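Enquirer: Okay, so here is entry_13.csv, and as you'll see once you scroll down, it has CSV, C-alpha atoms (C1' of nucleotides).
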```csv
chain,number,residue,atom,x,y,z
L,251,MET,CA,13.5,-28.4,13.1
L,252,SER,CA,16.7,-26.8,11.9
L,253,GLY,CA,19.9,-28.5,13.0
L,254,GLY,CA,21.6,-25.2,13.4
L,255,VAL,CA,19.7,-24.6,16.6
L,256,GLU,CA,21.9,-27.1,18.4
L,257,TRP,CA,25.0,-25.2,17.3
L,258,ALA,CA,23.5,-21.9,18.3
L,259,LEU,CA,22.7,-23.2,21.8
L,260,HIS,CA,26.2,-24.6,22.3
L,261,CYS,CA,27.6,-21.3,21.2
L,262,CYS,CA,25.4,-19.3,23.7
L,263,VAL,CA,26.5,-21.6,26.5
L,264,VAL,CA,30.2,-21.2,25.8
L,265,LEU,CA,29.8,-17.5,25.3
L,266,THR,CA,28.8,-17.2,28.9
L,267,SER,CA,32.3,-18.0,30.0
L,268,VAL,CA,34.0,-15.0,28.4
L,269,GLU,CA,33.5,-11.3,28.3
L,270,GLU,CA,35.5,-10.5,25.2
L,271,PRO,CA,34.2,-11.0,21.6
L,272,ILE,CA,34.7,-14.5,20.2
L,273,SER,CA,34.9,-14.9,16.4
L,274,SER,CA,32.7,-17.4,14.5
L,275,ALA,CA,35.9,-19.1,13.4
L,276,LYS,CA,36.9,-19.9,16.9
L,277,LEU,CA,33.5,-21.2,17.9
L,278,ALA,CA,33.4,-23.3,14.7
L,279,GLU,CA,36.8,-24.8,15.5
L,280,LEU,CA,35.8,-25.5,19.1
L,281,HIS,CA,32.7,-27.4,18.0
L,282,ASP,CA,34.4,-28.8,14.8
L,283,VAL,CA,31.6,-27.6,12.5
L,284,SER,CA,31.5,-25.6,9.3
L,285,SER,CA,32.7,-22.0,10.0
L,286,SER,CA,30.7,-20.5,7.2
L,287,TYR,CA,27.4,-22.1,8.1
L,288,LEU,CA,27.8,-21.4,11.8
L,289,ALA,CA,28.3,-17.8,10.8
L,290,LYS,CA,24.8,-17.8,9.4
L,291,GLN,CA,23.3,-19.0,12.7
L,292,LEU,CA,25.2,-16.3,14.6
L,293,GLN,CA,23.9,-13.7,12.2
L,294,ALA,CA,20.4,-14.9,13.0
L,295,LEU,CA,21.2,-14.5,16.7
L,296,SER,CA,22.6,-11.1,16.0
L,297,ARG,CA,19.4,-10.0,14.2
L,298,ALA,CA,17.3,-11.2,17.1
L,299,GLY,CA,19.4,-9.1,19.4
L,300,LEU,CA,20.6,-12.0,21.6
L,301,VAL,CA,24.3,-11.3,20.7
L,302,ARG,CA,26.1,-8.2,19.7
L,303,SER,CA,28.6,-8.4,16.8
L,304,ALA,CA,31.9,-6.5,17.1
L,305,GLU,CA,33.7,-5.9,13.8
L,306,GLY,CA,37.4,-5.4,13.1
L,307,LYS,CA,40.5,-7.2,14.0
L,308,ALA,CA,39.6,-8.4,17.4
L,309,GLY,CA,35.9,-8.7,16.6
L,310,GLY,CA,33.4,-11.4,17.3
L,311,TYR,CA,30.2,-12.0,19.2
L,312,ILE,CA,29.2,-11.3,22.8
L,313,LEU,CA,26.0,-12.0,24.7
L,314,THR,CA,24.0,-8.9,25.1
L,315,ARG,CA,21.9,-10.0,28.1
L,316,GLU,CA,22.5,-11.9,31.3
L,317,PRO,CA,22.5,-15.6,30.6
L,318,ALA,CA,19.6,-16.0,33.1
L,319,SER,CA,17.4,-13.7,31.0
L,320,ILE,CA,18.0,-15.6,27.7
L,321,THR,CA,15.7,-18.6,27.3
L,322,VAL,CA,16.2,-21.6,25.1
L,323,LEU,CA,13.0,-20.5,23.3
L,324,ASP,CA,14.7,-17.2,22.4
L,325,VAL,CA,17.5,-19.0,20.6
L,326,VAL,CA,15.2,-21.5,18.9
L,327,GLU,CA,12.9,-18.7,17.6
L,328,ALA,CA,15.9,-16.6,16.5
L,329,VAL,CA,17.4,-19.4,14.4
L,330,ASP,CA,14.3,-21.3,13.2
L,331,GLY,CA,12.0,-18.3,12.9
L,332,PRO,CA,8.9,-17.4,15.0
L,333,GLY,CA,6.6,-19.4,12.7
L,334,ARG,CA,4.5,-22.1,14.2
L,335,ALA,CA,5.1,-25.7,13.2
L,336,PHE,CA,1.4,-26.3,12.4
L,337,THR,CA,-0.5,-24.0,10.1
L,338,CYS,CA,-4.3,-24.4,9.8
L,339,THR,CA,-5.4,-24.2,6.1
L,340,GLU,CA,-9.1,-23.8,7.1
L,341,ILE,CA,-10.2,-26.9,5.4
L,342,ARG,CA,-13.6,-26.5,6.9
L,343,GLN,CA,-14.2,-23.5,4.7
L,344,ARG,CA,-13.7,-25.6,1.5
L,345,GLY,CA,-15.6,-28.2,-0.3
L,346,PRO,CA,-19.3,-28.8,-0.9
L,347,LEU,CA,-20.2,-28.7,2.8
L,348,ALA,CA,-18.0,-25.7,3.5
L,349,THR,CA,-18.6,-23.9,6.8
L,350,PRO,CA,-19.5,-20.2,6.1
L,351,PRO,CA,-16.7,-17.8,7.1
L,352,GLU,CA,-19.0,-15.9,9.6
L,353,SER,CA,-19.2,-19.1,11.6
L,354,CYS,CA,-15.4,-19.5,11.8
L,355,THR,CA,-14.6,-16.8,14.4
L,356,ALA,CA,-12.8,-19.4,16.6
L,357,PRO,CA,-10.1,-21.7,15.4
L,358,CYS,CA,-11.3,-25.2,14.5
L,359,PRO,CA,-10.8,-27.9,17.2
L,360,ILE,CA,-8.0,-29.5,15.3
L,361,ALA,CA,-6.1,-26.3,15.1
L,362,ARG,CA,-6.8,-25.6,18.7
L,363,VAL,CA,-5.2,-28.9,19.8
L,364,MET,CA,-2.2,-28.2,17.7
L,365,ILE,CA,-1.8,-24.7,19.0
L,366,GLU,CA,-2.2,-26.0,22.6
L,367,ALA,CA,0.6,-28.6,22.0
L,368,ASP,CA,2.8,-26.0,20.4
L,369,THR,CA,2.2,-23.7,23.4
L,370,ALA,CA,3.2,-26.5,25.8
L,371,TRP,CA,6.4,-27.1,23.7
L,372,ARG,CA,7.2,-23.4,23.8
L,373,GLU,CA,6.6,-23.1,27.5
L,374,ALA,CA,8.9,-26.0,28.2
L,375,LEU,CA,11.6,-24.2,26.2
L,376,ARG,CA,10.9,-20.9,27.8
L,377,ALA,CA,11.2,-22.3,31.3
L,378,ILE,CA,15.0,-23.1,30.7
L,379,SER,CA,17.5,-20.3,30.5
L,380,ILE,CA,21.1,-20.4,29.2
L,381,ALA,CA,22.2,-19.9,32.8
L,382,ASP,CA,20.4,-23.1,33.7
L,383,LEU,CA,22.2,-25.0,30.9
L,384,VAL,CA,25.5,-23.7,32.1
L,385,GLN,CA,24.8,-24.9,35.6
L,386,ASP,CA,23.8,-28.3,34.2
L,387,VAL,CA,27.0,-28.6,32.2
L,388,ALA,CA,29.0,-27.8,35.4
L,389,SER,CA,27.1,-30.5,37.3
L,390,THR,CA,27.6,-33.0,34.5
L,391,SER,CA,31.1,-32.4,33.1
L,392,GLY,CA,32.7,-31.1,36.3
L,393,PRO,CA,32.9,-27.6,37.6
L,394,LEU,CA,36.1,-26.9,35.8
L,395,ALA,CA,34.8,-27.7,32.3
L,396,MET,CA,33.6,-24.2,31.6
L,397,GLY,CA,36.9,-22.8,32.8
L,398,ARG,CA,38.8,-24.9,30.4
L,399,VAL,CA,36.6,-23.7,27.6
L,400,SER,CA,37.1,-20.1,28.6
L,401,ALA,CA,40.9,-20.6,28.7
L,402,TRP,CA,40.9,-22.2,25.3
L,403,LEU,CA,38.8,-19.4,23.8
L,404,THR,CA,41.0,-16.6,25.2
L,405,THR,CA,44.4,-18.1,24.6
L,406,LYS,CA,44.0,-19.9,21.3
L,407,GLN,CA,45.0,-17.6,18.4
L,408,ALA,CA,43.8,-19.4,15.3
N,80,MET,CA,5.6,-30.6,10.3
N,81,SER,CA,3.9,-32.1,7.3
N,82,GLY,CA,0.8,-30.4,6.1
N,83,GLY,CA,-0.9,-33.8,5.3
N,84,VAL,CA,-1.5,-34.2,9.1
N,85,GLU,CA,-4.3,-31.7,9.0
N,86,TRP,CA,-6.0,-33.7,6.2
N,87,ALA,CA,-5.6,-37.0,7.9
N,88,LEU,CA,-7.1,-35.6,11.1
N,89,HIS,CA,-10.1,-34.2,9.3
N,90,CYS,CA,-10.6,-37.5,7.6
N,91,CYS,CA,-10.5,-39.4,10.9
N,92,VAL,CA,-13.1,-37.0,12.3
N,93,VAL,CA,-15.5,-37.5,9.4
N,94,LEU,CA,-15.0,-41.2,9.3
N,95,THR,CA,-16.5,-41.4,12.8
N,96,SER,CA,-19.9,-40.5,11.3
N,97,VAL,CA,-20.2,-43.5,9.1
N,98,GLU,CA,-19.8,-47.3,9.4
N,99,GLU,CA,-19.3,-48.2,5.7
N,100,PRO,CA,-16.1,-47.8,3.8
N,101,ILE,CA,-15.4,-44.3,2.3
N,102,SER,CA,-13.2,-44.0,-0.7
N,103,SER,CA,-10.3,-41.5,-0.8
N,104,ALA,CA,-11.9,-39.8,-3.8
N,105,LYS,CA,-15.0,-38.9,-1.7
N,106,LEU,CA,-12.9,-37.7,1.2
N,107,ALA,CA,-10.9,-35.6,-1.2
N,108,GLU,CA,-13.9,-34.0,-2.8
N,109,LEU,CA,-15.5,-33.3,0.6
N,110,HIS,CA,-12.3,-31.4,1.7
N,111,ASP,CA,-11.5,-30.0,-1.8
N,112,VAL,CA,-8.0,-31.4,-1.8
N,113,SER,CA,-5.9,-33.4,-4.2
N,114,SER,CA,-7.2,-37.0,-4.3
N,115,SER,CA,-3.9,-38.6,-5.1
N,116,TYR,CA,-2.0,-36.9,-2.3
N,117,LEU,CA,-4.7,-37.6,0.2
N,118,ALA,CA,-4.5,-41.2,-0.8
N,119,LYS,CA,-0.9,-41.2,0.4
N,120,GLN,CA,-1.8,-40.0,3.8
N,121,LEU,CA,-4.6,-42.6,4.1
N,122,GLN,CA,-2.1,-45.3,3.2
N,123,ALA,CA,0.1,-44.1,6.0
N,124,LEU,CA,-2.9,-44.4,8.4
N,125,SER,CA,-3.5,-47.8,7.0
N,126,ARG,CA,0.1,-48.9,7.6
N,127,ALA,CA,-0.2,-47.7,11.1
N,128,GLY,CA,-3.3,-49.8,11.7
N,129,LEU,CA,-5.6,-46.8,12.4
N,130,VAL,CA,-7.8,-47.5,9.5
N,131,ARG,CA,-8.7,-50.6,7.5
N,132,SER,CA,-8.8,-50.5,3.7
N,133,ALA,CA,-11.5,-52.3,1.8
N,134,GLU,CA,-10.8,-53.0,-1.8
N,135,GLY,CA,-13.2,-53.5,-4.7
N,136,LYS,CA,-16.1,-51.6,-6.1
N,137,ALA,CA,-17.6,-50.4,-2.8
N,138,GLY,CA,-14.2,-50.1,-1.1
N,139,GLY,CA,-12.7,-47.4,1.0
N,140,TYR,CA,-11.4,-46.8,4.5
N,141,ILE,CA,-13.0,-47.5,7.9
N,142,LEU,CA,-11.7,-46.7,11.4
N,143,THR,CA,-10.4,-49.8,13.1
N,144,ARG,CA,-10.8,-48.7,16.7
N,145,GLU,CA,-13.2,-46.7,18.7
N,146,PRO,CA,-12.7,-42.9,18.2
N,147,ALA,CA,-12.1,-42.5,21.9
N,148,SER,CA,-9.1,-44.8,21.7
N,149,ILE,CA,-7.4,-43.0,18.8
N,150,THR,CA,-5.4,-40.0,19.9
N,151,VAL,CA,-4.2,-37.1,17.9
N,152,LEU,CA,-0.7,-38.2,18.5
N,153,ASP,CA,-1.4,-41.6,16.9
N,154,VAL,CA,-2.4,-39.8,13.7
N,155,VAL,CA,0.5,-37.4,13.7
N,156,GLU,CA,3.0,-40.2,14.2
N,157,ALA,CA,1.4,-42.3,11.5
N,158,VAL,CA,1.7,-39.5,8.9
N,159,ASP,CA,4.8,-37.7,10.0
N,160,GLY,CA,6.7,-40.7,11.3
N,161,PRO,CA,7.7,-41.4,14.9
N,162,GLY,CA,11.0,-39.5,14.6
N,163,ARG,CA,11.7,-36.7,17.1
N,164,ALA,CA,11.9,-33.2,15.8
N,165,PHE,CA,15.3,-32.6,17.4
N,166,THR,CA,18.3,-34.9,17.0
N,167,CYS,CA,21.4,-34.4,19.2
N,168,THR,CA,24.5,-34.7,17.1
N,169,GLU,CA,26.8,-35.0,20.2
N,170,ILE,CA,28.7,-31.8,19.5
N,171,ARG,CA,30.4,-32.2,22.9
N,172,GLN,CA,32.3,-35.2,21.6
N,173,ARG,CA,33.9,-33.2,18.8
N,174,GLY,CA,36.5,-30.6,18.6
N,175,PRO,CA,39.7,-30.0,20.5
N,176,LEU,CA,38.0,-30.0,23.9
N,177,ALA,CA,35.9,-33.1,23.2
N,178,THR,CA,34.3,-34.8,26.1
N,179,PRO,CA,35.4,-38.4,26.2
N,180,PRO,CA,32.6,-40.8,25.3
N,181,GLU,CA,32.8,-42.6,28.6
N,182,SER,CA,31.6,-39.4,30.3
N,183,CYS,CA,28.6,-39.2,28.0
N,184,THR,CA,26.3,-41.7,29.5
N,185,ALA,CA,23.5,-39.2,30.0
N,186,PRO,CA,22.2,-36.9,27.3
N,187,CYS,CA,23.7,-33.4,27.3
N,188,PRO,CA,21.6,-30.7,29.0
N,189,ILE,CA,20.6,-29.2,25.6
N,190,ALA,CA,19.3,-32.4,24.3
N,191,ARG,CA,17.6,-33.0,27.6
N,192,VAL,CA,15.6,-29.7,27.3
N,193,MET,CA,14.7,-30.5,23.8
N,194,ILE,CA,13.5,-34.0,24.7
N,195,GLU,CA,11.5,-32.6,27.6
N,196,ALA,CA,9.8,-30.1,25.4
N,197,ASP,CA,9.1,-32.7,22.7
N,198,THR,CA,7.6,-34.9,25.4
N,199,ALA,CA,5.3,-32.1,26.6
N,200,TRP,CA,4.2,-31.6,23.0
N,201,ARG,CA,3.5,-35.3,22.6
N,202,GLU,CA,1.6,-35.5,25.8
N,203,ALA,CA,-0.6,-32.6,24.8
N,204,LEU,CA,-1.5,-34.4,21.6
N,205,ARG,CA,-1.9,-37.8,23.4
N,206,ALA,CA,-4.4,-36.2,25.8
N,207,ILE,CA,-6.9,-35.5,23.0
N,208,SER,CA,-8.8,-38.3,21.1
N,209,ILE,CA,-10.7,-38.2,17.9
N,210,ALA,CA,-13.9,-38.6,19.9
N,211,ASP,CA,-13.0,-35.3,21.7
N,212,LEU,CA,-12.5,-33.6,18.4
N,213,VAL,CA,-15.9,-34.8,17.2
N,214,GLN,CA,-17.6,-33.5,20.3
N,215,ASP,CA,-15.8,-30.2,19.9
N,216,VAL,CA,-17.0,-30.0,16.3
N,217,ALA,CA,-20.6,-30.7,17.4
N,218,SER,CA,-20.4,-27.9,20.0
N,219,THR,CA,-18.9,-25.5,17.6
N,220,SER,CA,-20.7,-26.1,14.3
N,221,GLY,CA,-23.9,-27.3,15.7
N,222,PRO,CA,-25.1,-30.8,16.6
N,223,LEU,CA,-26.4,-31.5,13.1
N,224,ALA,CA,-23.1,-30.8,11.3
N,225,MET,CA,-21.8,-34.3,11.7
N,226,GLY,CA,-25.1,-35.7,10.5
N,227,ARG,CA,-25.0,-33.6,7.3
N,228,VAL,CA,-21.5,-34.9,6.6
N,229,SER,CA,-22.6,-38.5,7.2
N,230,ALA,CA,-25.6,-38.0,4.8
N,231,TRP,CA,-23.4,-36.5,2.1
N,232,LEU,CA,-20.8,-39.3,2.3
N,233,THR,CA,-23.5,-42.0,2.1
N,234,THR,CA,-25.7,-40.5,-0.6
N,235,LYS,CA,-23.2,-38.8,-2.9
N,236,GLN,CA,-22.2,-41.2,-5.7
N,237,ALA,CA,-19.3,-39.4,-7.2
Y,202,DG,C1',-36.6,-69.1,-10.1
Y,203,DG,C1',-32.0,-70.2,-8.3
Y,204,DC,C1',-27.2,-70.4,-9.2
Y,205,DA,C1',-22.7,-69.9,-11.1
Y,206,DA,C1',-19.4,-68.0,-14.2
Y,207,DG,C1',-17.7,-63.9,-16.4
Y,208,DC,C1',-17.1,-59.1,-16.8
Y,209,DT,C1',-16.9,-54.5,-15.5
Y,210,DA,C1',-15.8,-50.8,-12.9
Y,211,DC,C1',-14.1,-49.2,-9.1
Y,212,DT,C1',-10.8,-49.4,-5.3
Y,213,DC,C1',-6.1,-49.4,-3.1
Y,214,DG,C1',-1.0,-49.5,-3.4
Y,215,DG,C1',3.4,-48.3,-4.8
Y,216,DA,C1',6.6,-46.2,-8.1
Y,217,DT,C1',7.5,-41.9,-10.4
Y,218,DA,C1',8.5,-36.3,-11.3
Y,219,DC,C1',8.5,-31.5,-9.3
Y,220,DA,C1',9.4,-27.7,-5.8
Y,221,DC,C1',10.7,-25.5,-1.8
Y,222,DG,C1',13.4,-25.0,2.4
Y,223,DG,C1',17.4,-26.3,4.9
Y,224,DT,C1',22.5,-27.0,4.2
Y,225,DG,C1',26.8,-25.6,2.9
Y,226,DT,C1',30.0,-22.3,0.7
Y,227,DC,C1',32.0,-18.3,-1.1
Y,228,DC,C1',33.5,-13.5,-1.7
Y,229,DG,C1',33.0,-8.4,-0.8
Y,230,DA,C1',32.3,-4.2,2.5
Y,231,DG,C1',33.6,-2.4,6.8
Y,232,DT,C1',36.3,-1.7,11.0
Y,233,DG,C1',39.5,-1.8,14.9
Y,234,DC,C1',44.4,-2.5,15.8
Y,235,DA,C1',49.3,-2.2,14.8
Y,236,DT,C1',52.9,0.3,12.8
Y,237,DG,C1',55.8,4.0,11.3
Y,238,DG,C1',56.8,8.8,10.8
Y,239,DG,C1',56.6,13.4,12.4
Y,240,DG,C1',56.3,17.1,15.9
Z,26,DC,C1',58.3,11.0,24.4
Z,27,DC,C1',53.6,11.7,22.5
Z,28,DC,C1',50.4,12.1,18.6
Z,29,DC,C1',48.5,11.2,14.2
Z,30,DA,C1',48.1,9.3,9.5
Z,31,DT,C1',48.6,5.1,7.0
Z,32,DG,C1',48.2,0.3,6.0
Z,33,DC,C1',46.7,-4.1,7.1
Z,34,DA,C1',44.7,-8.1,8.6
Z,35,DC,C1',40.9,-9.7,10.5
Z,36,DT,C1',35.9,-9.5,11.1
Z,37,DC,C1',30.9,-9.7,9.9
Z,38,DG,C1',27.3,-9.6,6.4
Z,39,DG,C1',24.8,-10.9,2.6
Z,40,DA,C1',24.6,-13.3,-2.1
Z,41,DC,C1',25.3,-17.7,-4.5
Z,42,DA,C1',25.0,-23.3,-5.4
Z,43,DC,C1',23.6,-28.0,-3.7
Z,44,DC,C1',20.8,-31.5,-1.5
Z,45,DG,C1',17.2,-33.8,0.9
Z,46,DT,C1',12.5,-33.9,2.3
Z,47,DG,C1',7.9,-32.9,1.5
Z,48,DT,C1',4.4,-32.2,-2.3
Z,49,DA,C1',1.9,-33.7,-6.0
Z,50,DT,C1',0.8,-37.0,-9.6
Z,51,DC,C1',0.2,-41.1,-12.4
Z,52,DC,C1',-0.6,-45.9,-13.6
Z,53,DG,C1',-0.8,-50.9,-12.5
Z,54,DA,C1',-2.6,-55.0,-9.5
Z,55,DG,C1',-6.5,-56.7,-7.2
Z,56,DT,C1',-11.1,-57.3,-5.7
Z,57,DA,C1',-16.3,-56.8,-4.7
Z,58,DG,C1',-20.5,-56.4,-7.0
Z,59,DC,C1',-23.4,-56.6,-11.1
Z,60,DT,C1',-24.9,-58.9,-15.3
Z,61,DT,C1',-25.9,-62.7,-18.0
Z,62,DG,C1',-26.6,-67.2,-19.4
Z,63,DC,C1',-27.7,-71.8,-18.0
Z,64,DC,C1',-29.9,-75.5,-15.3
```
Let me see the structure of the file written as C-alpha cells.
Expert:
Amino acid sequence: MSGGVEWALHCCVVLTSVEEPISSAKLAELHDVSSSYLAKQLQALSRAGLVRSAEGKAGGYILTREPASITVLDVVEAVDGPGRAFTCTEIRQRGPLATPPESCTAPCPIARVMIEADTAWREALRAISIADLVQDVASTSGPLAMGRVSAWLTTKQA
Amino acid sequence: MSGGVEWALHCCVVLTSVEEPISSAKLAELHDVSSSYLAKQLQALSRAGLVRSAEGKAGGYILTREPASITVLDVVEAVDGPGRAFTCTEIRQRGPLATPPESCTAPCPIARVMIEADTAWREALRAISIADLVQDVASTSGPLAMGRVSAWLTTKQA
DNA sequence: GGCAAGCTACTCGGATACACGGTGTCCGAGTGCATGGGG
DNA sequence: CCCCATGCACTCGGACACCGTGTATCCGAGTAGCTTGCC
C-alpha cells in the first residue's frame, strides 16, 4: 500500500488541534517530509472531500467534518484509491476446461475468500475514527502533546 | 497484491485432485496463462515447502501436506512474501516536535490500527484451507468438476 | 530373457529484459491580505 | 477617519521526470525413464 497514507493520517490528526487553515508547507516541516509530495496526498484528501482547501495568502487545509465522523478507512481510500487489493481475473472461464459464463453468476470460492478478508480489513479500519487516534495520542504522548502541536502550527511563521 | 497469488491458489486446488507430479506446463495450459511466469510462482511455493518438485521426464509438482492443513494465508505469504502491507516510518520521531525515542516503546496509534487491520485480514485468510476451497468448488461447479480436472491432467500428454 | 549402460527428452531453477505504478519534484494559475492613495 | 483600487506574496493544483517492484521471458543444469546392446 502507498506510503503516503501514513503522512495523510498524521496530517488529519494534527489538523484536529486547530481551526484555521494550515498550509502543506507547515505540515511538511512539522513531519520533516517532502513538501511537494505531501501536497499531492493533501490534494487527494481534498478531492475526497475530507479536507477543504483555502487559497490565498493565509490559505491551507481544514478538516471538513468532525474528527469522530472521519474514519481511517476514509483516509486510506482517499489516498490509495477505492480499488480492492485483489482482483479476480476469472481464470475458471479460461483454458480447455473453462467453466461456461452462465455458470459463473457467483464469484469463485477463491475470490470469495479474498473479498471476505478484504472486507474484514476494511471493517477494522472503518471502526477507528480520527478522534479515536487523537485520544490514543493523548494517552500515549501525554495530554499536552496535542496542545504543543497546535501552538507550533499557529505561531510558527515559516 | 501480486496477481500471481490467484494462479498459485488455483494450482493448489487442482493439485488436490491428483497424486502424481504435474508439470508447470500442464498447469499453465489448463489455466491458459504464461507457462514461464507460472513456473516462478510454483518455485515460490516450492521454497516455502508447500509443494515438492520432482525433476526428470515425468516430473512436476505435488502437494506436500494434506489440503486441510494448507491455509490460503500460507499460499499468499509464499508468493507475496511475509512482509506487512503497511510499514510505519516513525514520523513522530522526526521534525521539530519529534517525540524522543525513549518514549516510543509502543507502536504509535496509527501503526497500531494498521497492524490490527492487517491481522484481521490474515486471520480471515488463515481460517480457510485449500480443502475448504475444494469443497466450495464441488458445491458450486458440480461434484464431477474436480474429477474432470483430474482426468484431464492425467490423460493429456502435452 | 534379464540386466546394465547410454541416450534422449523432459523437467525445474535461476538469471535476464520490459512495463507500470508509486515516488519525488517542479512551475503556473488563482486568491486573499496588506498597503497606499483618495474622498 | 473611512473606503477603495492596486500590488503582492503566498497558496493550491496539475503536469513533468525518476525509481523500484511486479510482470513476463529465456536458457542452462539436472534427472527419470526409455532404448539398445550384451551376457
Enquirer: Tell me which protein, DNA and RNA residues are within 12 Å of range 213-222 of chain Y, counting all atoms listed in the file, leaving out same-chain ones fewer than 3 positions away, and put them as a CSV table (one decimal) with C-alpha atoms (C1' of nucleotides), keeping the file's coordinate frame.
Expert:
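Output below, filename part15.csv:
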```
chain,number,residue,atom,x,y,z
L,251,MET,CA,13.5,-28.4,13.1
L,252,SER,CA,16.7,-26.8,11.9
L,330,ASP,CA,14.3,-21.3,13.2
N,101,ILE,CA,-15.4,-44.3,2.3
N,102,SER,CA,-13.2,-44.0,-0.7
N,103,SER,CA,-10.3,-41.5,-0.8
N,104,ALA,CA,-11.9,-39.8,-3.8
N,115,SER,CA,-3.9,-38.6,-5.1
N,118,ALA,CA,-4.5,-41.2,-0.8
N,119,LYS,CA,-0.9,-41.2,0.4
N,120,GLN,CA,-1.8,-40.0,3.8
N,121,LEU,CA,-4.6,-42.6,4.1
N,122,GLN,CA,-2.1,-45.3,3.2
N,123,ALA,CA,0.1,-44.1,6.0
N,125,SER,CA,-3.5,-47.8,7.0
N,126,ARG,CA,0.1,-48.9,7.6
N,131,ARG,CA,-8.7,-50.6,7.5
N,132,SER,CA,-8.8,-50.5,3.7
N,133,ALA,CA,-11.5,-52.3,1.8
N,134,GLU,CA,-10.8,-53.0,-1.8
N,135,GLY,CA,-13.2,-53.5,-4.7
N,136,LYS,CA,-16.1,-51.6,-6.1
N,137,ALA,CA,-17.6,-50.4,-2.8
N,138,GLY,CA,-14.2,-50.1,-1.1
N,139,GLY,CA,-12.7,-47.4,1.0
N,140,TYR,CA,-11.4,-46.8,4.5
Z,44,DC,C1',20.8,-31.5,-1.5
Z,45,DG,C1',17.2,-33.8,0.9
Z,46,DT,C1',12.5,-33.9,2.3
Z,47,DG,C1',7.9,-32.9,1.5
Z,48,DT,C1',4.4,-32.2,-2.3
Z,49,DA,C1',1.9,-33.7,-6.0
Z,50,DT,C1',0.8,-37.0,-9.6
Z,51,DC,C1',0.2,-41.1,-12.4
Z,52,DC,C1',-0.6,-45.9,-13.6
Z,53,DG,C1',-0.8,-50.9,-12.5
Z,54,DA,C1',-2.6,-55.0,-9.5
Z,55,DG,C1',-6.5,-56.7,-7.2
Z,56,DT,C1',-11.1,-57.3,-5.7
```
Enquirer: Restricting the calculation to only C-alpha atoms, which member of N:Gly128, N:Pro222, N:Pro188, N:Pro100 is positioned closest to Val158 in chain N?
Expert: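 Once distances to Val158 in chain N are computed over only C-alpha atoms, the minimum belongs to N:Gly128.
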Enquirer: Give the residues of chain Y that lie within 9 Å of chain L; count all atoms listed in the file, and format the answer as a PyMOL selection string.
Expert: chain Y and resi 223-227+231-234
Enquirer: Residues of chain Z within 9 Å of chain L, counting all atoms listed in the file, what are they? List them as a count of residues only.
Expert: 5
Enquirer: May I ask which of the residues N:Cys91, N:Ala230, N:Ala203, N:Ala177 is the closest one to chain L, counting only C-alpha atoms?
Expert: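 Looking only at the distances to chain L, the closest residue turns out to be N:Ala203.
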Enquirer: Which one is closest to chain L: N:Leu124, N:Ile194, N:Leu204, N:Ala217? Count all atoms listed in the file.
Expert: N:Leu204
Enquirer: Could you give me, as CSV, every chain L residue with an atom at most 8 Å from chain N, plus its closest atom pair and distance in Å to one decimal, counting all atoms listed in the file, rows ordered by chain then number?
Expert:
```
residue,atom,partner,partner_atom,distance
L:Met251,CA,N:Ala164,CA,5.7
L:Gly253,CA,N:Phe165,CA,7.6
L:Glu256,CA,N:Cys167,CA,7.4
L:Trp257,CA,N:Ile170,CA,7.9
L:Leu259,CA,N:Ile189,CA,7.4
L:His260,CA,N:Ile189,CA,8.0
L:Glu279,CA,N:Gly174,CA,6.6
L:Leu280,CA,N:Gly174,CA,5.2
L:His281,CA,N:Gly174,CA,5.0
L:Asp282,CA,N:Gly174,CA,4.7
L:Ala335,CA,N:Met80,CA,5.7
L:Phe336,CA,N:Met80,CA,6.4
L:Thr337,CA,N:Gly82,CA,7.7
L:Cys338,CA,N:Glu85,CA,7.3
L:Ile341,CA,N:His110,CA,6.2
L:Arg342,CA,N:His110,CA,7.3
L:Arg344,CA,N:Asp111,CA,5.9
L:Gly345,CA,N:Asp111,CA,4.7
L:Pro346,CA,N:Leu109,CA,6.1
L:Leu347,CA,N:Leu109,CA,6.9
L:Ser353,CA,N:Ser220,CA,7.7
L:Cys358,CA,N:Val216,CA,7.7
L:Pro359,CA,N:Leu212,CA,6.1
L:Ile360,CA,N:Leu212,CA,6.8
L:Val363,CA,N:Leu204,CA,6.9
L:Met364,CA,N:Leu204,CA,7.4
L:Glu366,CA,N:Ala203,CA,7.1
L:Ala367,CA,N:Trp200,CA,4.8
L:Asp368,CA,N:Trp200,CA,6.3
L:Ala370,CA,N:Trp200,CA,5.9
L:Trp371,CA,N:Ala196,CA,4.8
L:Arg372,CA,N:Ala196,CA,7.4
L:Glu373,CA,N:Ala196,CA,8.0
L:Ala374,CA,N:Ala196,CA,5.0
L:Leu375,CA,N:Ala196,CA,6.2
L:Ile378,CA,N:Val192,CA,7.4
L:Leu383,CA,N:Pro188,CA,6.0
L:Asp386,CA,N:Pro188,CA,6.1
L:Val387,CA,N:Pro188,CA,6.6
L:Ser391,CA,N:Ser182,CA,7.6
L:Val399,CA,N:Leu176,CA,7.4
```
Enquirer: Go through N:Ile141, N:Leu129, N:Leu152, N:Ala157 and flag the residue nearest Ser96 in chain N, using all atoms listed in the file for the distances.
Expert: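 Using all atoms listed in the file, the shortest distance to Ser96 in chain N belongs to N:Ile141.
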Enquirer: What does the distance between CA of Leu403 in chain L and CA of Val268 in chain L come to in Å, to one decimal place?
Expert: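 According to the coordinates, CA of Leu403 in chain L and CA of Val268 in chain L are separated by 8.0 Å.
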Enquirer: Rounded to one decimal in Å, what is the spacing between CA of Leu313 in chain L and C1' of DG39 in chain Z?
Expert: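 Computed distance, CA of Leu313 in chain L to C1' of DG39 in chain Z, equals 22.2 Å.
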Enquirer: Take CA of Ala298 in chain L and CA of Gly333 in chain L and report the distance between them in Å, one decimal.
Expert: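 Between CA of Ala298 in chain L and CA of Gly333 in chain L the gap is 14.2 Å.
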